[in-house]
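> Could you have a look at this structure, given as structure tokens, before my questions?
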Amino acid sequence: MKYVVIKCGGSVFDSLPKSFYENISELHQSGVWTPIIVHGGGPLISSMLDQMGVKSTFINGLRVTTEEVLDVVEMALSGSMNKQIVRKLNAVKGKGYGISGVDGSLLEAIPTEQAQEQDLGYVGEVRTVNTSIIENITDQGFIPVISPIGMDESGQRFNINADMAASSIAQALGAKLLFISDIPGIYVEENGVKKTLHYAGKEKIEQLISTEVIYGGMIPKVQSALKALAHSVPEVSIVNGLEQNSLVDFMDGKMVGTRISLDKEMPYV
Ligand SMILES: Nc1ncnc2c1ncn2[C@@H]1O[C@H](COP(=O)(O)OP(=O)(O)O)[C@@H](O)[C@H]1O
Ligand SMILES: CC(=O)N[C@@H](CCC(=O)OP(=O)(O)O)C(=O)O
């Protein structure tokens, strides 16, 4: 089976058009590609924490996660966000099947190195993806919709950045990986003019992080993209979910958003 992991960012979720879900459903029905949705929900978590008067901070794009924050993260992601996406898919005759990384121990997690070094609390990364859970769902004709909460052997939950979770799932399946976000790709500024890169190689990305042109939530996104490419993921792009055909164009191999690569030069231009 040929999989494509579609990571849907919380930044753009509220604005995604119905056609976004129709495109995923049509892709699934075409029978060539099996989509898997991995979603975030950072803005919803932040607003729920705000309402509760709990302060929340980020270090290099990762949320410092106490036990109290973890409760809200799980509610927002595995409850609200996950079910909203399933409903939106099902409303266009897609066959969404919501599952959290905890269910069936889909995402076995360990604390990230950064969590240990910088006191991020319960921030995890994926150690193992139990792909049989995904295969069972897709074999039954469903589109898995996955929230990025992981668990270790002792039952401890971890908050996993959704870009990192999507990358790990794509690596485990050798799937294509598409990041849907609220920007048309990676921005750079040249002579005071902001432009979007159509292509970004590893060296360029490292330079953009070190010069802070890439910051915040874009850091784990590009790092996850590079890690995926180094581990059997054939293609990774970042696209704007608000552009009508971004998913279809990506699947057709057209130039859309920013294509990430390990190479300095774009391989096919
Ligand atoms: N160089 C850059 N180009 C584009 N966006 C960037 C860049 N550096 C940081 N960002 C920020 O990254 C955000 C996307 O990451 P994030 O907020 O985590 O979104 P998502 O919820 O879609 O994963 C953009 O909205 C933008 O504010
Ligand atoms: C550790 C960490 O930062 N986890 C993220 C999980 C959600 C997420 O990644 O959502 P987006 O894709 O919308 O950014 C968080 O708590 O916000």
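Note on naming: chains are A, B, ... as they come in the structure tokens, residues start from 1 per chain, ligands start from 1 in the order shown.
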With a distance cut-off of 9 Å and only C-alpha atoms, select the neighbouring residues of Pro144 in chain A, excluding the residue or stretch itself and same-chain residues fewer than 2 positions from it, and output the selection as a list in words.
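Neighbouring residues, sequence-local ones excluded: Pro35, Ile36, Ile37, Val38, Val86, Lys95, Gly96, Tyr97, Gly98, Ile99, Ile134, Ile137, Thr138, Phe142 and Ile146 of chain A.
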> Residues near Leu208 in chain A, anyone? I mean within 12 Å using only C-alpha atoms, not counting same-chain ones fewer than 6 positions away, as a list in words.
Ile186, Tyr187, Val188, Glu189, Leu197, Ala200, Gly201, Lys202, Ile214, Tyr215, Met218, Ile219, Val222 and Gln223 of chain A
> Select the residues contacting ligand 1 at a distance of at most 7 Å, based on only C-alpha atoms and all ligand atoms, then format the selection as a PyMOL selection string.
chain A and resi 8-12+40-42+61+163+180-183+185-188+213-218+221
> Give me every strand (DSSP E) residue in range 49-188 of chain A, going by DSSP on the backbone, as a VMD selection string.
chain A and resid 58 to 59 62 to 63 96 to 100 107 to 111 124 to 129 143 to 147 149 to 151 157 to 159 176 to 181 187 to 188
> In terms of the shortest atom-to-atom distance over only C-alpha atoms and all ligand atoms, which of A:Trp33, A:Phe13, A:Phe250, A:Phe20 is closest to ligand 2?
A:Phe13
> Apply DSSP to the backbone of this structure and, from range 82-266 of chain A, keep only the residues in helix (DSSP H, G or I); write these as a ChimeraX atom specification.
/A:82-90,103-105,113-118,131-139,162-173,202-210,218-230,246-251
> Quick one: distance from CA of Ser210 in chain A to CA of Glu265 in chain A in Å, one decimal?
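CA of Ser210 in chain A sits 20.2 Å away from CA of Glu265 in chain A.
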> If we count only C-alpha atoms and set the cut-off at 10 Å, which residues sit around Glu22 in chain A, ignoring sequence neighbours fewer than 5 positions away in its own chain? Please answer as an NGL selection string.
:A and (17 or 27-28 or 88-94)
> Could you turn the residues from that selection into a file that holds C-alpha atoms, as a CSV table (one decimal), in the first residue's frame?

chain,number,residue,atom,x,y,z
A,17,PRO,CA,-12.1,24.9,3.2
A,27,LEU,CA,-7.5,10.7,-3.1
A,28,HIS,CA,-8.6,7.8,-0.8
A,88,LYS,CA,-15.4,17.0,8.7
A,89,LEU,CA,-14.1,14.1,6.7
A,90,ASN,CA,-17.2,12.0,7.3
A,91,ALA,CA,-19.4,14.9,6.2
A,92,VAL,CA,-17.9,14.7,2.7
A,93,LYS,CA,-18.2,10.9,2.6
A,94,GLY,CA,-14.6,10.4,3.7
> Quick one: residues within 12 Å of Ser47 in chain A, only C-alpha atoms, excluding same-chain residues fewer than 3 positions away - as a list in words?
Gly10, Gly41, Gly42, Pro43, Leu44, Asp50, Gln51, Met52, Gly53, Val54, Lys55, Ser56, Val69, Val72, Val73 and Ala76 of chain A
> Residues at most 9 Å from Ser246 in chain A, counting only C-alpha atoms, excluding those fewer than 3 positions away in the same chain, as a list in words?
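Everything that qualifies: Phe20, Ile180, Val239, Asn240, Gly241, Leu242, Glu243, Asp249, Phe250, Met251, Val256 and Gly257 of chain A.
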> Go ahead and dump the residues you just picked, all heavy atoms, as a PDB file, in the first residue's frame.

ATOM      1  N   PHE A  20     -10.752  20.922   1.094  1.00  0.00           N
ATOM      2  CA  PHE A  20      -9.567  20.246   1.624  1.00  0.00           C
ATOM      3  C   PHE A  20      -9.917  18.796   1.988  1.00  0.00           C
ATOM      4  O   PHE A  20      -9.212  17.846   1.623  1.00  0.00           O
ATOM      5  CB  PHE A  20      -9.038  21.008   2.842  1.00  0.00           C
ATOM      6  CG  PHE A  20      -7.918  20.317   3.560  1.00  0.00           C
ATOM      7  CD1 PHE A  20      -6.638  20.312   3.024  1.00  0.00           C
ATOM      8  CD2 PHE A  20      -8.142  19.653   4.757  1.00  0.00           C
ATOM      9  CE1 PHE A  20      -5.589  19.658   3.681  1.00  0.00           C
ATOM     10  CE2 PHE A  20      -7.106  19.000   5.418  1.00  0.00           C
ATOM     11  CZ  PHE A  20      -5.827  19.006   4.878  1.00  0.00           C
ATOM     12  N   ILE A 180       0.684  20.667   6.138  1.00  0.00           N
ATOM     13  CA  ILE A 180      -0.306  21.688   5.790  1.00  0.00           C
ATOM     14  C   ILE A 180      -0.247  22.755   6.874  1.00  0.00           C
ATOM     15  O   ILE A 180      -0.494  22.467   8.047  1.00  0.00           O
ATOM     16  CB  ILE A 180      -1.736  21.086   5.781  1.00  0.00           C
ATOM     17  CG1 ILE A 180      -1.821  19.845   4.887  1.00  0.00           C
ATOM     18  CG2 ILE A 180      -2.769  22.149   5.431  1.00  0.00           C
ATOM     19  CD1 ILE A 180      -1.880  20.107   3.426  1.00  0.00           C
ATOM     20  N   VAL A 239       3.109  23.162   2.612  1.00  0.00           N
ATOM     21  CA  VAL A 239       2.202  23.921   1.737  1.00  0.00           C
ATOM     22  C   VAL A 239       1.149  24.672   2.555  1.00  0.00           C
ATOM     23  O   VAL A 239       0.918  24.359   3.723  1.00  0.00           O
ATOM     24  CB  VAL A 239       1.488  23.007   0.705  1.00  0.00           C
ATOM     25  CG1 VAL A 239       2.476  22.228  -0.134  1.00  0.00           C
ATOM     26  CG2 VAL A 239       0.496  22.069   1.381  1.00  0.00           C
ATOM     27  N   ASN A 240       0.503  25.603   1.883  1.00  0.00           N
ATOM     28  CA  ASN A 240      -0.565  26.378   2.506  1.00  0.00           C
ATOM     29  C   ASN A 240      -1.900  25.659   2.319  1.00  0.00           C
ATOM     30  O   ASN A 240      -2.317  25.397   1.192  1.00  0.00           O
ATOM     31  CB  ASN A 240      -0.618  27.758   1.832  1.00  0.00           C
ATOM     32  CG  ASN A 240      -1.512  28.714   2.582  1.00  0.00           C
ATOM     33  OD1 ASN A 240      -2.376  28.285   3.349  1.00  0.00           O
ATOM     34  ND2 ASN A 240      -1.312  29.981   2.365  1.00  0.00           N
ATOM     35  N   GLY A 241      -2.549  25.353   3.438  1.00  0.00           N
ATOM     36  CA  GLY A 241      -3.835  24.653   3.377  1.00  0.00           C
ATOM     37  C   GLY A 241      -4.939  25.480   2.764  1.00  0.00           C
ATOM     38  O   GLY A 241      -5.985  24.955   2.394  1.00  0.00           O
ATOM     39  N   LEU A 242      -4.710  26.786   2.659  1.00  0.00           N
ATOM     40  CA  LEU A 242      -5.768  27.649   2.118  1.00  0.00           C
ATOM     41  C   LEU A 242      -5.722  27.738   0.599  1.00  0.00           C
ATOM     42  O   LEU A 242      -6.641  28.234  -0.031  1.00  0.00           O
ATOM     43  CB  LEU A 242      -5.665  29.059   2.719  1.00  0.00           C
ATOM     44  CG  LEU A 242      -5.707  29.087   4.247  1.00  0.00           C
ATOM     45  CD1 LEU A 242      -5.675  30.503   4.763  1.00  0.00           C
ATOM     46  CD2 LEU A 242      -6.957  28.361   4.740  1.00  0.00           C
ATOM     47  N   GLU A 243      -4.623  27.263   0.024  1.00  0.00           N
ATOM     48  CA  GLU A 243      -4.562  27.256  -1.445  1.00  0.00           C
ATOM     49  C   GLU A 243      -5.353  26.056  -1.941  1.00  0.00           C
ATOM     50  O   GLU A 243      -5.091  24.918  -1.532  1.00  0.00           O
ATOM     51  CB  GLU A 243      -3.105  27.192  -1.921  1.00  0.00           C
ATOM     52  CG  GLU A 243      -2.493  28.576  -2.005  1.00  0.00           C
ATOM     53  CD  GLU A 243      -0.986  28.542  -2.109  1.00  0.00           C
ATOM     54  OE1 GLU A 243      -0.436  27.550  -2.622  1.00  0.00           O
ATOM     55  OE2 GLU A 243      -0.352  29.508  -1.627  1.00  0.00           O
ATOM     56  N   ASP A 249      -1.969  19.095  -6.066  1.00  0.00           N
ATOM     57  CA  ASP A 249      -0.748  19.446  -6.790  1.00  0.00           C
ATOM     58  C   ASP A 249       0.465  18.698  -6.234  1.00  0.00           C
ATOM     59  O   ASP A 249       1.311  18.222  -6.980  1.00  0.00           O
ATOM     60  CB  ASP A 249      -0.498  20.965  -6.727  1.00  0.00           C
ATOM     61  CG  ASP A 249      -1.485  21.732  -7.599  1.00  0.00           C
ATOM     62  OD1 ASP A 249      -2.172  21.085  -8.413  1.00  0.00           O
ATOM     63  OD2 ASP A 249      -1.576  22.959  -7.446  1.00  0.00           O
ATOM     64  N   PHE A 250       0.543  18.601  -4.910  1.00  0.00           N
ATOM     65  CA  PHE A 250       1.657  17.858  -4.294  1.00  0.00           C
ATOM     66  C   PHE A 250       1.626  16.404  -4.773  1.00  0.00           C
ATOM     67  O   PHE A 250       2.652  15.850  -5.166  1.00  0.00           O
ATOM     68  CB  PHE A 250       1.548  17.925  -2.764  1.00  0.00           C
ATOM     69  CG  PHE A 250       2.505  17.028  -2.027  1.00  0.00           C
ATOM     70  CD1 PHE A 250       3.851  17.355  -1.919  1.00  0.00           C
ATOM     71  CD2 PHE A 250       2.058  15.854  -1.420  1.00  0.00           C
ATOM     72  CE1 PHE A 250       4.740  16.526  -1.225  1.00  0.00           C
ATOM     73  CE2 PHE A 250       2.938  15.028  -0.723  1.00  0.00           C
ATOM     74  CZ  PHE A 250       4.280  15.367  -0.632  1.00  0.00           C
ATOM     75  N   MET A 251       0.442  15.801  -4.764  1.00  0.00           N
ATOM     76  CA  MET A 251       0.337  14.391  -5.156  1.00  0.00           C
ATOM     77  C   MET A 251       0.678  14.218  -6.643  1.00  0.00           C
ATOM     78  O   MET A 251       1.159  13.175  -7.055  1.00  0.00           O
ATOM     79  CB  MET A 251      -1.078  13.849  -4.874  1.00  0.00           C
ATOM     80  CG  MET A 251      -1.443  13.768  -3.405  1.00  0.00           C
ATOM     81  SD  MET A 251      -0.204  13.022  -2.312  1.00  0.00           S
ATOM     82  CE  MET A 251      -0.122  11.343  -2.916  1.00  0.00           C
ATOM     83  N   VAL A 256       4.812  23.119  -5.498  1.00  0.00           N
ATOM     84  CA  VAL A 256       3.847  23.769  -4.623  1.00  0.00           C
ATOM     85  C   VAL A 256       4.480  23.943  -3.251  1.00  0.00           C
ATOM     86  O   VAL A 256       5.191  23.051  -2.784  1.00  0.00           O
ATOM     87  CB  VAL A 256       2.527  22.944  -4.586  1.00  0.00           C
ATOM     88  CG1 VAL A 256       2.755  21.505  -4.215  1.00  0.00           C
ATOM     89  CG2 VAL A 256       1.498  23.556  -3.654  1.00  0.00           C
ATOM     90  N   GLY A 257       4.306  25.098  -2.643  1.00  0.00           N
ATOM     91  CA  GLY A 257       4.887  25.358  -1.332  1.00  0.00           C
ATOM     92  C   GLY A 257       6.394  25.276  -1.372  1.00  0.00           C
ATOM     93  O   GLY A 257       7.032  25.636  -2.364  1.00  0.00           O
TER      94      GLY A 257
END
> Can you pull out every residue within 9 Å of Val32 in chain A, counting only C-alpha atoms, but drop anything in the same chain fewer than 5 positions away, and send it as number ranges by chain?
A: 1-3, 27
> For His231 in chain A, which residue among A:Gly31, A:Gly124, A:Gly101, A:Gly174 is the nearest when counting only C-alpha atoms?
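Of A:Gly31, A:Gly124, A:Gly101, A:Gly174, the one nearest His231 in chain A, counting only C-alpha atoms, is A:Gly174.
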